[in-house]
$ cat data02.cif   # mmCIF, C-alpha atoms
data_structure
#
loop_
_atom_site.label_atom_id
_atom_site.label_comp_id
_atom_site.auth_asym_id
_atom_site.auth_seq_id
_atom_site.Cartn_x
_atom_site.Cartn_y
_atom_site.Cartn_z
CA MET A 1 -37.51 -178.92 8.49
CA GLU A 2 -37.23 -181.75 5.98
CA ALA A 3 -37.51 -180.04 2.61
CA GLY A 4 -37.88 -176.76 0.82
CA THR A 5 -38.72 -175.38 -2.60
CA LEU A 6 -36.23 -173.30 -4.54
CA VAL A 7 -37.98 -170.01 -5.23
CA GLU A 8 -35.24 -168.09 -6.98
CA TRP A 9 -31.59 -168.22 -7.93
CA LEU A 10 -29.88 -164.89 -7.33
CA VAL A 11 -26.71 -165.91 -9.22
CA LYS A 12 -25.84 -167.47 -12.57
CA PRO A 13 -23.02 -169.75 -13.67
CA GLY A 14 -19.96 -167.53 -13.87
CA SER A 15 -21.10 -165.23 -11.03
CA HIS A 16 -18.36 -164.40 -8.56
CA VAL A 17 -19.43 -164.99 -4.96
CA LYS A 18 -17.84 -164.44 -1.60
CA ARG A 19 -18.50 -165.88 1.82
CA GLY A 20 -21.82 -164.61 3.20
CA ASP A 21 -23.34 -163.73 -0.18
CA ILE A 22 -26.98 -164.73 -0.65
CA ILE A 23 -27.23 -166.94 -3.73
CA ALA A 24 -30.75 -168.33 -3.57
CA VAL A 25 -34.10 -168.08 -1.80
CA VAL A 26 -35.75 -171.29 -0.59
CA ASP A 27 -39.30 -171.57 0.75
CA THR A 28 -39.40 -173.77 3.85
CA GLN A 29 -41.54 -174.51 6.89
CA LYS A 30 -39.79 -171.58 8.53
CA GLY A 31 -40.57 -169.15 5.75
CA LEU A 32 -38.35 -167.87 2.98
CA ILE A 33 -34.73 -168.59 3.79
CA ASP A 34 -31.83 -166.81 2.15
CA ILE A 35 -29.20 -169.39 1.25
CA GLU A 36 -25.70 -168.12 1.91
CA VAL A 37 -22.38 -169.36 0.55
CA PHE A 38 -19.59 -170.19 2.93
CA ASP A 39 -16.69 -169.95 0.46
CA ASP A 40 -15.38 -167.48 -2.06
CA GLY A 41 -15.37 -168.58 -5.70
CA VAL A 42 -17.18 -168.67 -9.02
CA ILE A 43 -20.52 -170.38 -9.57
CA HIS A 44 -19.73 -173.35 -11.80
CA GLU A 45 -23.14 -174.96 -12.13
CA LEU A 46 -26.65 -174.61 -10.68
CA LEU A 47 -27.99 -178.11 -10.06
CA ILE A 48 -31.57 -177.28 -9.04
CA ASP A 49 -34.31 -175.64 -11.08
CA GLU A 50 -36.47 -172.88 -9.66
CA ASN A 51 -39.75 -174.21 -8.17
CA GLN A 52 -38.12 -177.59 -7.64
CA LYS A 53 -38.71 -179.22 -4.26
CA LEU A 54 -35.51 -180.29 -2.58
CA PRO A 55 -34.97 -182.41 0.51
CA VAL A 56 -32.68 -181.11 3.24
CA GLY A 57 -29.14 -182.07 2.23
CA THR A 58 -29.55 -181.50 -1.48
CA VAL A 59 -26.46 -180.24 -3.29
CA MET A 60 -27.71 -177.05 -4.90
CA ALA A 61 -24.73 -175.68 -6.81
CA LEU A 62 -21.09 -176.25 -7.58
CA ILE A 63 -18.64 -173.47 -6.82
CA GLU A 64 -15.07 -173.32 -8.05
CA SER A 65 -12.66 -171.78 -5.61
CA GLY A 66 -10.14 -169.25 -6.88
CA LYS A 67 -7.18 -171.30 -5.74
CA GLU A 68 -4.51 -172.64 -8.09
CA THR A 69 -6.15 -176.00 -8.42
CA PRO A 70 -9.83 -175.29 -8.94
CA VAL A 71 -11.90 -177.36 -6.59
CA ALA A 72 -15.60 -177.68 -7.06
CA LYS A 73 -17.35 -176.93 -3.79
CA GLU A 74 -20.93 -177.78 -3.15
CA GLU A 75 -23.53 -175.51 -1.63
CA ARG A 76 -26.31 -177.42 -0.06
CA LEU A 77 -29.31 -176.88 2.11
CA THR A 78 -27.48 -178.53 4.99
CA GLU A 79 -24.82 -181.14 5.42
CA LYS A 80 -26.19 -184.32 3.92
CA LYS A 81 -25.77 -185.25 0.28
CA ILE A 82 -28.61 -186.15 -2.02
CA ILE A 83 -28.40 -189.49 -3.76
CA THR A 84 -27.70 -188.77 -7.39
CA GLU A 85 -25.68 -191.88 -8.16
CA ILE A 86 -27.51 -194.86 -9.58
CA PRO A 87 -27.66 -197.72 -7.12
CA HIS A 88 -26.54 -201.09 -8.45
CA GLY A 89 -29.24 -203.45 -9.66
CA ILE A 90 -31.60 -200.81 -11.02
CA LYS A 91 -32.42 -201.16 -14.71
CA ALA A 92 -32.68 -197.83 -16.46
CA SER A 93 -31.92 -196.48 -19.91
CA PRO A 94 -28.77 -194.33 -20.23
CA LEU A 95 -30.94 -191.29 -21.00
CA ALA A 96 -33.09 -191.94 -17.91
CA LYS A 97 -29.97 -192.25 -15.76
CA ARG A 98 -28.56 -188.98 -17.06
CA MET A 99 -31.87 -187.15 -16.56
CA ALA A 100 -32.24 -188.55 -13.05
CA ALA A 101 -28.74 -187.38 -12.14
CA GLU A 102 -29.40 -183.92 -13.54
CA LYS A 103 -32.74 -183.54 -11.77
CA GLY A 104 -31.66 -185.11 -8.49
CA ILE A 105 -34.12 -188.00 -8.74
CA ASP A 106 -33.42 -191.14 -6.74
CA LEU A 107 -34.12 -193.97 -9.22
CA SER A 108 -34.68 -196.51 -6.46
CA GLY A 109 -38.03 -194.82 -5.86
CA VAL A 110 -39.10 -194.76 -9.53
CA ARG A 111 -41.27 -197.52 -11.04
CA GLY A 112 -40.00 -198.62 -14.44
CA THR A 113 -42.46 -199.18 -17.29
CA GLY A 114 -39.93 -200.16 -19.95
CA GLU A 115 -38.93 -203.60 -21.11
CA GLY A 116 -38.33 -205.89 -18.14
CA GLY A 117 -39.28 -203.10 -15.75
CA ALA A 118 -36.49 -200.80 -16.95
CA ILE A 119 -36.86 -197.14 -16.07
CA THR A 120 -37.40 -195.00 -19.15
CA LYS A 121 -37.06 -191.31 -19.91
CA GLU A 122 -40.85 -190.96 -19.48
CA ASP A 123 -40.71 -192.56 -16.03
CA VAL A 124 -38.10 -190.03 -14.93
CA GLU A 125 -40.11 -187.14 -16.40
CA ARG A 126 -43.13 -188.33 -14.42
CA ALA A 127 -41.04 -188.49 -11.23
CA VAL A 128 -39.75 -184.97 -11.86
CA ALA A 129 -43.30 -183.71 -12.44
CA GLU A 130 -44.46 -185.33 -9.18
CA THR A 131 -41.62 -183.65 -7.33
CA THR A 132 -42.36 -180.20 -8.68
CA SER A 133 -46.11 -180.32 -9.31
CA PRO A 134 -48.02 -177.78 -7.24
CA LYS A 135 -50.94 -180.21 -7.18
CA GLU A 136 -48.83 -182.76 -5.38
CA GLU A 137 -50.04 -181.68 -1.99
CA LYS A 138 -52.11 -178.96 -0.41
CA LYS A 139 -49.60 -176.31 0.50
CA PRO A 140 -49.87 -175.49 4.20
CA SER A 141 -50.08 -171.85 5.21
CA PRO A 142 -46.95 -170.23 6.66
CA ALA A 143 -48.59 -170.24 10.09
CA GLU A 144 -49.31 -173.98 9.80
CA ASN A 145 -45.73 -174.61 8.70
CA VAL A 146 -44.32 -172.73 11.66
CA ARG A 147 -46.71 -174.54 14.04
CA MET A 148 -45.53 -177.91 12.70
CA ALA A 149 -41.85 -176.93 12.93
CA VAL A 150 -42.31 -175.78 16.54
CA ALA A 151 -44.29 -178.93 17.33
CA ALA A 152 -41.57 -181.17 15.93
CA ALA A 153 -38.72 -179.41 17.74
CA MET A 154 -40.52 -179.21 21.08
CA SER A 155 -41.73 -182.82 20.92
CA LYS A 156 -38.18 -183.97 20.23
CA SER A 157 -36.94 -181.85 23.13
CA ASN A 158 -39.45 -183.24 25.62
CA ARG A 159 -38.87 -186.78 24.34
CA GLU A 160 -35.08 -186.72 24.44
CA ILE A 161 -33.84 -184.04 26.82
CA PRO A 162 -34.00 -184.56 30.58
CA HIS A 163 -34.54 -180.97 31.64
CA TYR A 164 -33.66 -179.49 34.99
CA TYR A 165 -34.81 -176.03 36.04
CA LEU A 166 -33.28 -173.36 38.25
CA GLU A 167 -34.75 -170.00 39.12
CA THR A 168 -33.57 -166.76 40.64
CA ARG A 169 -34.79 -163.19 41.17
CA VAL A 170 -32.71 -160.22 40.12
CA ASP A 171 -33.03 -156.61 41.22
CA MET A 172 -33.05 -154.59 37.99
CA SER A 173 -32.80 -151.11 39.60
CA LYS A 174 -29.22 -150.48 38.48
CA ALA A 175 -29.75 -151.89 34.99
CA LEU A 176 -32.90 -149.82 34.37
CA THR A 177 -31.35 -146.65 35.76
CA TRP A 178 -28.35 -147.14 33.50
CA LEU A 179 -30.68 -147.75 30.53
CA THR A 180 -32.71 -144.60 31.21
CA GLU A 181 -29.56 -142.49 31.35
CA ALA A 182 -28.13 -144.13 28.23
CA ASN A 183 -31.34 -143.48 26.30
CA LYS A 184 -31.28 -139.81 27.21
CA GLN A 185 -28.03 -139.55 25.24
CA ARG A 186 -29.42 -141.40 22.24
CA SER A 187 -31.67 -140.40 19.38
CA ILE A 188 -35.08 -142.02 19.32
CA LYS A 189 -33.98 -144.48 16.62
CA GLN A 190 -31.03 -145.58 18.72
CA ARG A 191 -32.95 -146.12 21.94
CA LEU A 192 -32.16 -149.30 23.81
CA LEU A 193 -34.60 -151.85 25.17
CA PRO A 194 -33.99 -153.82 28.38
CA VAL A 195 -33.66 -157.02 26.35
CA VAL A 196 -30.25 -155.93 25.02
CA LEU A 197 -28.87 -155.82 28.56
CA LEU A 198 -30.36 -159.24 29.25
CA LEU A 199 -28.85 -160.71 26.08
CA LYS A 200 -25.43 -159.24 26.71
CA ALA A 201 -25.44 -160.37 30.34
CA VAL A 202 -26.37 -163.91 29.23
CA ALA A 203 -23.53 -163.92 26.70
CA LYS A 204 -21.00 -162.72 29.28
CA ALA A 205 -22.21 -165.31 31.77
CA LEU A 206 -21.84 -167.99 29.08
CA THR A 207 -18.19 -167.03 28.65
CA GLU A 208 -17.76 -167.95 32.33
CA VAL A 209 -19.85 -171.12 32.10
CA PRO A 210 -19.24 -172.41 28.55
CA GLU A 211 -20.79 -175.80 29.36
CA LEU A 212 -24.19 -174.23 28.70
CA ASN A 213 -23.21 -172.89 25.28
CA GLY A 214 -23.27 -175.77 22.83
CA TYR A 215 -24.97 -178.88 21.54
CA TRP A 216 -25.61 -182.39 22.81
CA GLU A 217 -24.41 -184.67 20.01
CA THR A 218 -23.21 -187.96 21.44
CA GLY A 219 -21.76 -185.90 24.25
CA LEU A 220 -21.50 -182.21 25.05
CA GLN A 221 -20.00 -180.20 22.20
CA LYS A 222 -19.12 -176.77 23.57
CA LYS A 223 -19.16 -174.00 20.98
CA SER A 224 -16.61 -171.21 20.88
CA ASP A 225 -18.98 -168.67 19.29
CA ILE A 226 -21.80 -167.40 21.46
CA ASN A 227 -24.77 -167.10 19.11
CA ILE A 228 -27.93 -166.47 21.07
CA GLY A 229 -31.23 -167.54 19.59
CA LEU A 230 -33.86 -165.01 20.60
CA VAL A 231 -37.43 -166.28 20.66
CA VAL A 232 -39.54 -163.92 18.53
CA SER A 233 -43.31 -164.40 18.73
CA LEU A 234 -45.23 -164.22 15.48
CA ARG A 235 -48.47 -162.30 15.58
CA GLY A 236 -50.35 -165.16 13.92
CA GLY A 237 -49.02 -167.66 16.47
CA GLY A 238 -45.79 -169.64 16.53
CA VAL A 239 -42.26 -168.45 17.09
CA MET A 240 -39.08 -167.90 15.12
CA ILE A 241 -35.70 -168.19 16.84
CA PRO A 242 -33.13 -166.23 14.85
CA ALA A 243 -29.51 -166.43 15.96
CA ILE A 244 -27.78 -163.22 16.95
CA HIS A 245 -24.16 -163.96 16.26
CA ASN A 246 -21.26 -163.32 18.64
CA VAL A 247 -23.34 -161.50 21.23
CA ASP A 248 -20.45 -161.48 23.70
CA LYS A 249 -18.34 -159.44 21.28
CA LYS A 250 -21.00 -156.87 20.32
CA SER A 251 -21.42 -153.54 22.07
CA ILE A 252 -24.82 -152.77 23.55
CA GLY A 253 -25.48 -150.34 20.68
CA ASP A 254 -24.48 -152.89 18.04
CA LEU A 255 -26.68 -155.45 19.71
CA MET A 256 -29.70 -153.12 19.50
CA GLU A 257 -28.93 -152.56 15.81
CA SER A 258 -28.86 -156.32 15.30
CA LEU A 259 -32.29 -156.59 16.94
CA ASN A 260 -33.65 -153.75 14.80
CA ASP A 261 -32.53 -155.71 11.76
CA ILE A 262 -33.40 -159.24 12.75
CA ILE A 263 -36.74 -158.98 14.60
CA PRO A 264 -38.70 -157.47 11.66
CA ARG A 265 -37.15 -160.06 9.33
CA ALA A 266 -38.04 -162.86 11.75
CA ARG A 267 -41.64 -161.62 11.90
CA ALA A 268 -41.70 -161.44 8.09
CA MET A 269 -40.18 -164.96 8.06
CA LYS A 270 -37.29 -163.71 5.95
CA LEU A 271 -34.14 -164.98 7.63
CA ARG A 272 -30.78 -166.20 6.43
CA SER A 273 -29.91 -169.88 6.62
CA SER A 274 -27.15 -169.18 9.17
CA GLU A 275 -29.58 -167.26 11.37
CA LEU A 276 -31.83 -170.30 11.57
CA SER A 277 -29.20 -172.89 12.24
CA GLU A 278 -26.34 -171.44 14.28
CA SER A 279 -27.85 -170.61 17.70
CA THR A 280 -25.82 -172.07 20.54
CA CYS A 281 -28.14 -171.09 23.42
CA THR A 282 -31.67 -169.67 23.48
CA VAL A 283 -33.21 -166.74 25.33
CA THR A 284 -36.94 -166.29 25.73
CA ASN A 285 -38.22 -163.04 27.13
CA LEU A 286 -41.87 -163.20 28.09
CA GLY A 287 -41.74 -159.82 29.72
CA GLU A 288 -44.52 -158.34 27.67
CA GLY A 289 -47.64 -159.86 29.10
CA ASN A 290 -46.99 -159.62 32.83
CA VAL A 291 -45.89 -163.22 32.93
CA GLU A 292 -43.60 -163.43 35.94
CA THR A 293 -41.81 -166.70 35.26
CA VAL A 294 -41.23 -168.85 32.18
CA TYR A 295 -39.98 -172.44 32.29
CA GLY A 296 -38.67 -172.93 28.76
CA VAL A 297 -38.29 -176.01 26.61
CA ILE A 298 -34.75 -176.40 25.28
CA TYR A 299 -34.34 -176.08 21.50
CA PRO A 300 -32.47 -179.22 20.46
CA PRO A 301 -29.61 -179.91 20.02
CA GLN A 302 -28.81 -177.02 22.36
CA VAL A 303 -28.31 -177.70 26.05
CA ALA A 304 -29.75 -174.60 27.72
CA LEU A 305 -32.47 -172.00 27.53
CA VAL A 306 -32.66 -168.86 29.65
CA GLY A 307 -36.12 -167.46 30.38
CA PHE A 308 -36.91 -163.92 31.53
CA GLY A 309 -40.28 -162.96 32.95
CA SER A 310 -41.55 -159.41 33.00
CA ILE A 311 -39.85 -156.80 35.13
CA THR A 312 -42.32 -156.02 37.90
CA GLU A 313 -42.24 -154.08 41.13
CA GLN A 314 -41.79 -156.51 44.00
CA PRO A 315 -40.95 -156.29 47.70
CA TRP A 316 -37.21 -156.68 48.12
CA ALA A 317 -35.44 -157.41 51.38
CA GLU A 318 -31.78 -156.42 51.62
CA SER A 319 -29.50 -155.73 54.57
CA GLY A 320 -32.43 -156.03 56.95
CA MET A 321 -34.46 -153.42 55.07
CA LEU A 322 -37.58 -153.90 53.01
CA ASP A 323 -37.92 -151.93 49.80
CA VAL A 324 -39.84 -152.06 46.51
CA ARG A 325 -37.66 -152.75 43.47
CA PRO A 326 -38.09 -153.61 39.79
CA VAL A 327 -37.41 -157.34 39.76
CA VAL A 328 -37.11 -159.95 37.03
CA ASN A 329 -37.49 -163.68 37.55
CA ILE A 330 -34.85 -165.58 35.57
CA THR A 331 -35.04 -169.29 34.92
CA LEU A 332 -32.55 -171.68 33.43
CA SER A 333 -33.74 -174.80 31.65
CA ALA A 334 -30.75 -177.05 31.09
CA ASP A 335 -30.01 -180.51 29.73
CA HIS A 336 -29.12 -182.82 32.62
CA ARG A 337 -27.15 -185.08 30.26
CA ALA A 338 -24.75 -182.19 29.65
CA THR A 339 -24.58 -180.38 32.98
CA ASP A 340 -25.73 -180.53 36.58
CA GLY A 341 -27.44 -178.09 38.88
CA ALA A 342 -24.15 -176.76 40.24
CA THR A 343 -23.13 -175.63 36.74
CA GLY A 344 -26.49 -174.01 36.19
CA SER A 345 -26.23 -172.28 39.53
CA ARG A 346 -22.80 -170.84 38.61
CA PHE A 347 -24.32 -169.49 35.42
CA LEU A 348 -27.24 -167.78 37.19
CA ILE A 349 -24.89 -166.23 39.75
CA ALA A 350 -22.69 -164.87 36.95
CA LEU A 351 -25.73 -163.55 35.09
CA LYS A 352 -27.03 -161.87 38.24
CA ASN A 353 -23.66 -160.21 38.85
CA TYR A 354 -23.44 -158.85 35.30
CA LEU A 355 -26.91 -157.32 35.60
CA GLN A 356 -25.69 -155.44 38.69
CA LYS A 357 -22.87 -153.90 36.65
CA PRO A 358 -24.58 -152.65 33.49
CA ASP A 359 -21.79 -150.22 32.65
CA GLU A 360 -19.45 -153.20 32.24
CA LEU A 361 -21.69 -154.97 29.75
CA MET B 1 -53.54 -130.73 11.66
CA THR B 2 -56.93 -131.76 12.99
CA GLU B 3 -57.55 -134.32 15.69
CA GLU B 4 -59.07 -136.62 13.07
CA GLU B 5 -56.01 -136.33 10.82
CA ILE B 6 -53.74 -137.17 13.74
CA LYS B 7 -55.88 -140.20 14.52
CA GLN B 8 -55.70 -141.42 10.94
CA ILE B 9 -51.90 -141.24 10.93
CA ILE B 10 -51.81 -143.08 14.24
CA PHE B 11 -54.07 -145.80 12.82
CA GLN B 12 -51.89 -146.12 9.71
CA GLN B 13 -48.74 -146.57 11.76
CA LEU B 14 -50.38 -149.04 14.14
CA LYS B 15 -51.67 -151.00 11.17
CA LYS B 16 -48.12 -151.27 9.81
CA ILE B 17 -46.91 -152.68 13.10
CA ALA B 18 -49.90 -154.92 13.74
CA PRO B 19 -51.36 -155.64 10.29
CA ASP B 20 -53.86 -158.20 11.57
CA THR B 21 -55.54 -155.73 13.95
CA GLU B 22 -58.12 -153.00 13.53
CA PRO B 23 -56.71 -149.93 15.30
CA GLU B 24 -59.64 -147.81 14.13
CA LYS B 25 -61.83 -149.87 16.47
CA LEU B 26 -59.80 -148.80 19.51
CA LYS B 27 -61.95 -147.11 22.12
CA PRO B 28 -60.57 -143.81 23.44
CA ASP B 29 -59.59 -145.35 26.78
CA ASP B 30 -58.32 -148.73 25.55
CA ASP B 31 -54.70 -149.43 26.39
CA ILE B 32 -53.15 -149.45 22.91
CA ARG B 33 -50.39 -151.94 23.55
CA HIS B 34 -52.52 -154.33 25.53
CA THR B 35 -55.50 -154.23 23.12
CA LEU B 36 -53.43 -154.64 19.96
CA GLU B 37 -50.89 -156.98 21.62
CA ILE B 38 -47.90 -154.83 20.78
CA ASP B 39 -44.63 -155.79 22.42
CA SER B 40 -41.88 -153.41 23.56
CA PHE B 41 -39.93 -153.74 20.31
CA ASP B 42 -42.93 -152.82 18.16
CA ALA B 43 -43.90 -150.09 20.63
CA LEU B 44 -40.49 -148.50 20.07
CA GLN B 45 -40.93 -148.77 16.28
CA PHE B 46 -44.30 -147.04 16.69
CA VAL B 47 -42.75 -144.18 18.67
CA VAL B 48 -40.06 -143.86 15.98
CA SER B 49 -42.74 -143.71 13.27
CA LEU B 50 -44.61 -140.97 15.18
CA ASP B 51 -41.38 -138.98 15.29
CA GLU B 52 -40.95 -139.42 11.53
CA HIS B 53 -44.49 -138.25 10.78
CA PHE B 54 -45.01 -135.50 13.35
CA HIS B 55 -41.38 -134.57 14.08
CA ILE B 56 -42.14 -135.00 17.75
CA GLU B 57 -39.61 -136.95 19.75
CA ILE B 58 -41.38 -138.58 22.67
CA PRO B 59 -39.01 -138.99 25.64
CA GLU B 60 -39.11 -142.26 27.54
CA GLU B 61 -40.46 -140.59 30.66
CA ASP B 62 -43.57 -139.60 28.66
CA TYR B 63 -44.45 -143.16 27.63
CA GLY B 64 -46.98 -143.25 30.47
CA LYS B 65 -48.76 -140.28 28.90
CA ILE B 66 -49.52 -142.02 25.61
CA THR B 67 -50.92 -145.36 26.68
CA THR B 68 -54.43 -144.84 25.26
CA LEU B 69 -55.64 -143.37 21.97
CA GLN B 70 -57.19 -140.39 23.72
CA LYS B 71 -54.06 -139.69 25.75
CA LEU B 72 -51.85 -140.06 22.67
CA VAL B 73 -53.93 -137.67 20.54
CA THR B 74 -54.06 -135.12 23.38
CA TYR B 75 -50.29 -135.44 23.83
CA MET B 76 -49.58 -134.92 20.13
CA ILE B 77 -51.89 -131.88 19.95
CA GLY B 78 -50.17 -130.44 23.01
CA LYS B 79 -46.73 -130.90 21.47
CA MET B 80 -47.79 -129.33 18.15
CA LYS B 81 -48.82 -126.08 19.77
#

$ encode --input "data02.cif" --output "structure tokens"
Amino acid sequence: MEAGTLVEWLVKPGSHVKRGDIIAVVDTQKGLIDIEVFDDGVIHELLIDENQKLPVGTVMALIESGKETPVAKEERLTEKKIITEIPHGIKASPLAKRMAAEKGIDLSGVRGTGEGGAITKEDVERAVAETTSPKEEKKPSPAENVRMAVAAAMSKSNREIPHYYLETRVDMSKALTWLTEANKQRSIKQRLLPVVLLLKAVAKALTEVPELNGYWETGLQKKSDINIGLVVSLRGGGVMIPAIHNVDKKSIGDLMESLNDIIPRARAMKLRSSELSESTCTVTNLGEGNVETVYGVIYPPQVALVGFGSITEQPWAESGMLDVRPVVNITLSADHRATDGATGSRFLIALKNYLQKPDEL
Amino acid sequence: MTEEEIKQIIFQQLKKIAPDTEPEKLKPDDDIRHTLEIDSFDALQFVVSLDEHFHIEIPEEDYGKITTLQKLVTYMIGKMK
């Protein structure tokens, strides 16, 4: 994702906001994203107009905190700052400079038509119009946008991440029996799906093997929160990977409620900014189409992806006896820069053990 | 409620879950989930919506009895009696 278009401000200058509030809606390659604030305070100034295109990193608003010394805080699309200061050596009229600063236009990219090549008010107006004009480019469909976003992320992953893969089979008899009994006690709206057990078991296993929960950014950066990105297929093609926050700390019931909330929003491409950017490990569950095994591509900058195939009846040998059991094939795709096979193996063993003790999840 | 009315409600609910499909073109013996590419999450939402419309709570052990349109309609009629 490189840019978005501000669709709507949901606050005005003077509005009181608190951490987690949605203040704006931005249209991006990944659909409409709700922009959240990460501080409490009062909206001091909105710096972007509705329908204005903004590159990732643009400062969108100034927020004053409620502390003794008011400090203007900036809400932005991500972490980088847009260039609003005038670089040295560029000739522009004072009015043009002020307009450029207000509209977030980088004057180094504007051709001046004034005396001696100076940038005039009209030049800035033209640059603003080019930024916001709907005729500027053919707007890709949401499906095309998602396809391009997936293509970019997966190409980067295959280009930069040396994957290694491990695989194991897990007997799901105990987990499914537990699930059937649990669902008998629940209303139809509260019924659980097997995926909640898989997600919770992954989260618990990550607490034991934290090297697989984090990012590769000039070295392994382990993350303390376990936010699992769940791959959600879109009916028109493409995937969204919303983050389910703090999976290790959620009960199985709470986790199902989170899925009931987040999956429809992911399919409608209506997610919050934090849900699109804070996953620390990804789970893909291709258990719907009788696919037995999935070898996933890691979502950068993460360092691991756990893949679940469908749960199928398979011959199962144990203690010298042959039986038929519901079995799932689990794969781990991991970044060999960050971890080695022994670490991945510890993770799969932990995951397997948790799935044998569903009542402890 | 007639069989046709039940079918129409089923089609409406399937259309909500899978808007790009044409549930009314389902053949009586087509597997609903497979034909309309409905995953387990959407299948559960569909069962919930049937409960809301017909006030019939389908237990998990009966999921195998509602895999096709014909089976589902027969099941609903049976439960309404």

$ residues_near_point --input "data02.cif" --point "(-49.1, -139.8, 14.4)" --cutoff "12 Å" --atoms "all atoms listed in the file" --output "short mmCIF file (atom, residue, chain, number, x, y, z; two decimals) with C-alpha atoms, keeping the file's coordinate frame"
data_model
loop_
_atom_site.label_atom_id
_atom_site.label_comp_id
_atom_site.auth_asym_id
_atom_site.auth_seq_id
_atom_site.Cartn_x
_atom_site.Cartn_y
_atom_site.Cartn_z
CA MET B 1 -53.54 -130.73 11.66
CA THR B 2 -56.93 -131.76 12.99
CA GLU B 3 -57.55 -134.32 15.69
CA GLU B 4 -59.07 -136.62 13.07
CA GLU B 5 -56.01 -136.33 10.82
CA ILE B 6 -53.74 -137.17 13.74
CA LYS B 7 -55.88 -140.20 14.52
CA GLN B 8 -55.70 -141.42 10.94
CA ILE B 9 -51.90 -141.24 10.93
CA ILE B 10 -51.81 -143.08 14.24
CA PHE B 11 -54.07 -145.80 12.82
CA GLN B 12 -51.89 -146.12 9.71
CA GLN B 13 -48.74 -146.57 11.76
CA LEU B 14 -50.38 -149.04 14.14
CA LYS B 15 -51.67 -151.00 11.17
CA PHE B 46 -44.30 -147.04 16.69
CA VAL B 47 -42.75 -144.18 18.67
CA VAL B 48 -40.06 -143.86 15.98
CA SER B 49 -42.74 -143.71 13.27
CA LEU B 50 -44.61 -140.97 15.18
CA ASP B 51 -41.38 -138.98 15.29
CA GLU B 52 -40.95 -139.42 11.53
CA HIS B 53 -44.49 -138.25 10.78
CA PHE B 54 -45.01 -135.50 13.35
CA HIS B 55 -41.38 -134.57 14.08
CA ILE B 56 -42.14 -135.00 17.75
CA GLU B 57 -39.61 -136.95 19.75
CA ILE B 58 -41.38 -138.58 22.67
CA ILE B 66 -49.52 -142.02 25.61
CA LEU B 69 -55.64 -143.37 21.97
CA LEU B 72 -51.85 -140.06 22.67
CA VAL B 73 -53.93 -137.67 20.54
CA THR B 74 -54.06 -135.12 23.38
CA TYR B 75 -50.29 -135.44 23.83
CA MET B 76 -49.58 -134.92 20.13
CA ILE B 77 -51.89 -131.88 19.95
CA LYS B 79 -46.73 -130.90 21.47
CA MET B 80 -47.79 -129.33 18.15
#

$ resolve_selection --input "data02.cif" --expression "the PyMOL selection byres ((chain A and resi 16) around 12)" --output "mmCIF file with C-alpha atoms, in the coordinates of the input"
data_model
loop_
_atom_site.group_PDB
_atom_site.id
_atom_site.type_symbol
_atom_site.label_atom_id
_atom_site.label_comp_id
_atom_site.auth_asym_id
_atom_site.auth_seq_id
_atom_site.Cartn_x
_atom_site.Cartn_y
_atom_site.Cartn_z
ATOM 1 C CA LEU A 10 -29.880 -164.890 -7.330
ATOM 2 C CA VAL A 11 -26.710 -165.910 -9.220
ATOM 3 C CA LYS A 12 -25.840 -167.470 -12.570
ATOM 4 C CA PRO A 13 -23.020 -169.750 -13.670
ATOM 5 C CA GLY A 14 -19.960 -167.530 -13.870
ATOM 6 C CA SER A 15 -21.100 -165.230 -11.030
ATOM 7 C CA VAL A 17 -19.430 -164.990 -4.960
ATOM 8 C CA LYS A 18 -17.840 -164.440 -1.600
ATOM 9 C CA ARG A 19 -18.500 -165.880 1.820
ATOM 10 C CA ASP A 21 -23.340 -163.730 -0.180
ATOM 11 C CA ILE A 22 -26.980 -164.730 -0.650
ATOM 12 C CA ILE A 23 -27.230 -166.940 -3.730
ATOM 13 C CA VAL A 37 -22.380 -169.360 0.550
ATOM 14 C CA ASP A 39 -16.690 -169.950 0.460
ATOM 15 C CA ASP A 40 -15.380 -167.480 -2.060
ATOM 16 C CA GLY A 41 -15.370 -168.580 -5.700
ATOM 17 C CA VAL A 42 -17.180 -168.670 -9.020
ATOM 18 C CA ILE A 43 -20.520 -170.380 -9.570
ATOM 19 C CA HIS A 44 -19.730 -173.350 -11.800
ATOM 20 C CA ILE A 63 -18.640 -173.470 -6.820
ATOM 21 C CA GLU A 64 -15.070 -173.320 -8.050
ATOM 22 C CA SER A 65 -12.660 -171.780 -5.610
ATOM 23 C CA GLY A 66 -10.140 -169.250 -6.880
#

$ resolve_selection --input "data02.cif" --expression "the PyMOL selection byres ((chain A and resi 194) around 10)" --output "list in words"
Met172, Ala175, Leu176, Leu179, Thr180, Leu192, Leu193, Val195, Val196, Leu197, Leu198, Leu199, Met256, Gly287 and Ile311 of chain A; Ser40 of chain B

$ write_last_selection --input "data02.cif" --atoms "C-alpha atoms" --output "CSV table (one decimal), in the frame of the given file"
chain,number,residue,atom,x,y,z
A,172,MET,CA,-33.0,-154.6,38.0
A,175,ALA,CA,-29.8,-151.9,35.0
A,176,LEU,CA,-32.9,-149.8,34.4
A,179,LEU,CA,-30.7,-147.8,30.5
A,180,THR,CA,-32.7,-144.6,31.2
A,192,LEU,CA,-32.2,-149.3,23.8
A,193,LEU,CA,-34.6,-151.8,25.2
A,195,VAL,CA,-33.7,-157.0,26.4
A,196,VAL,CA,-30.2,-155.9,25.0
A,197,LEU,CA,-28.9,-155.8,28.6
A,198,LEU,CA,-30.4,-159.2,29.2
A,199,LEU,CA,-28.8,-160.7,26.1
A,256,MET,CA,-29.7,-153.1,19.5
A,287,GLY,CA,-41.7,-159.8,29.7
A,311,ILE,CA,-39.8,-156.8,35.1
B,40,SER,CA,-41.9,-153.4,23.6
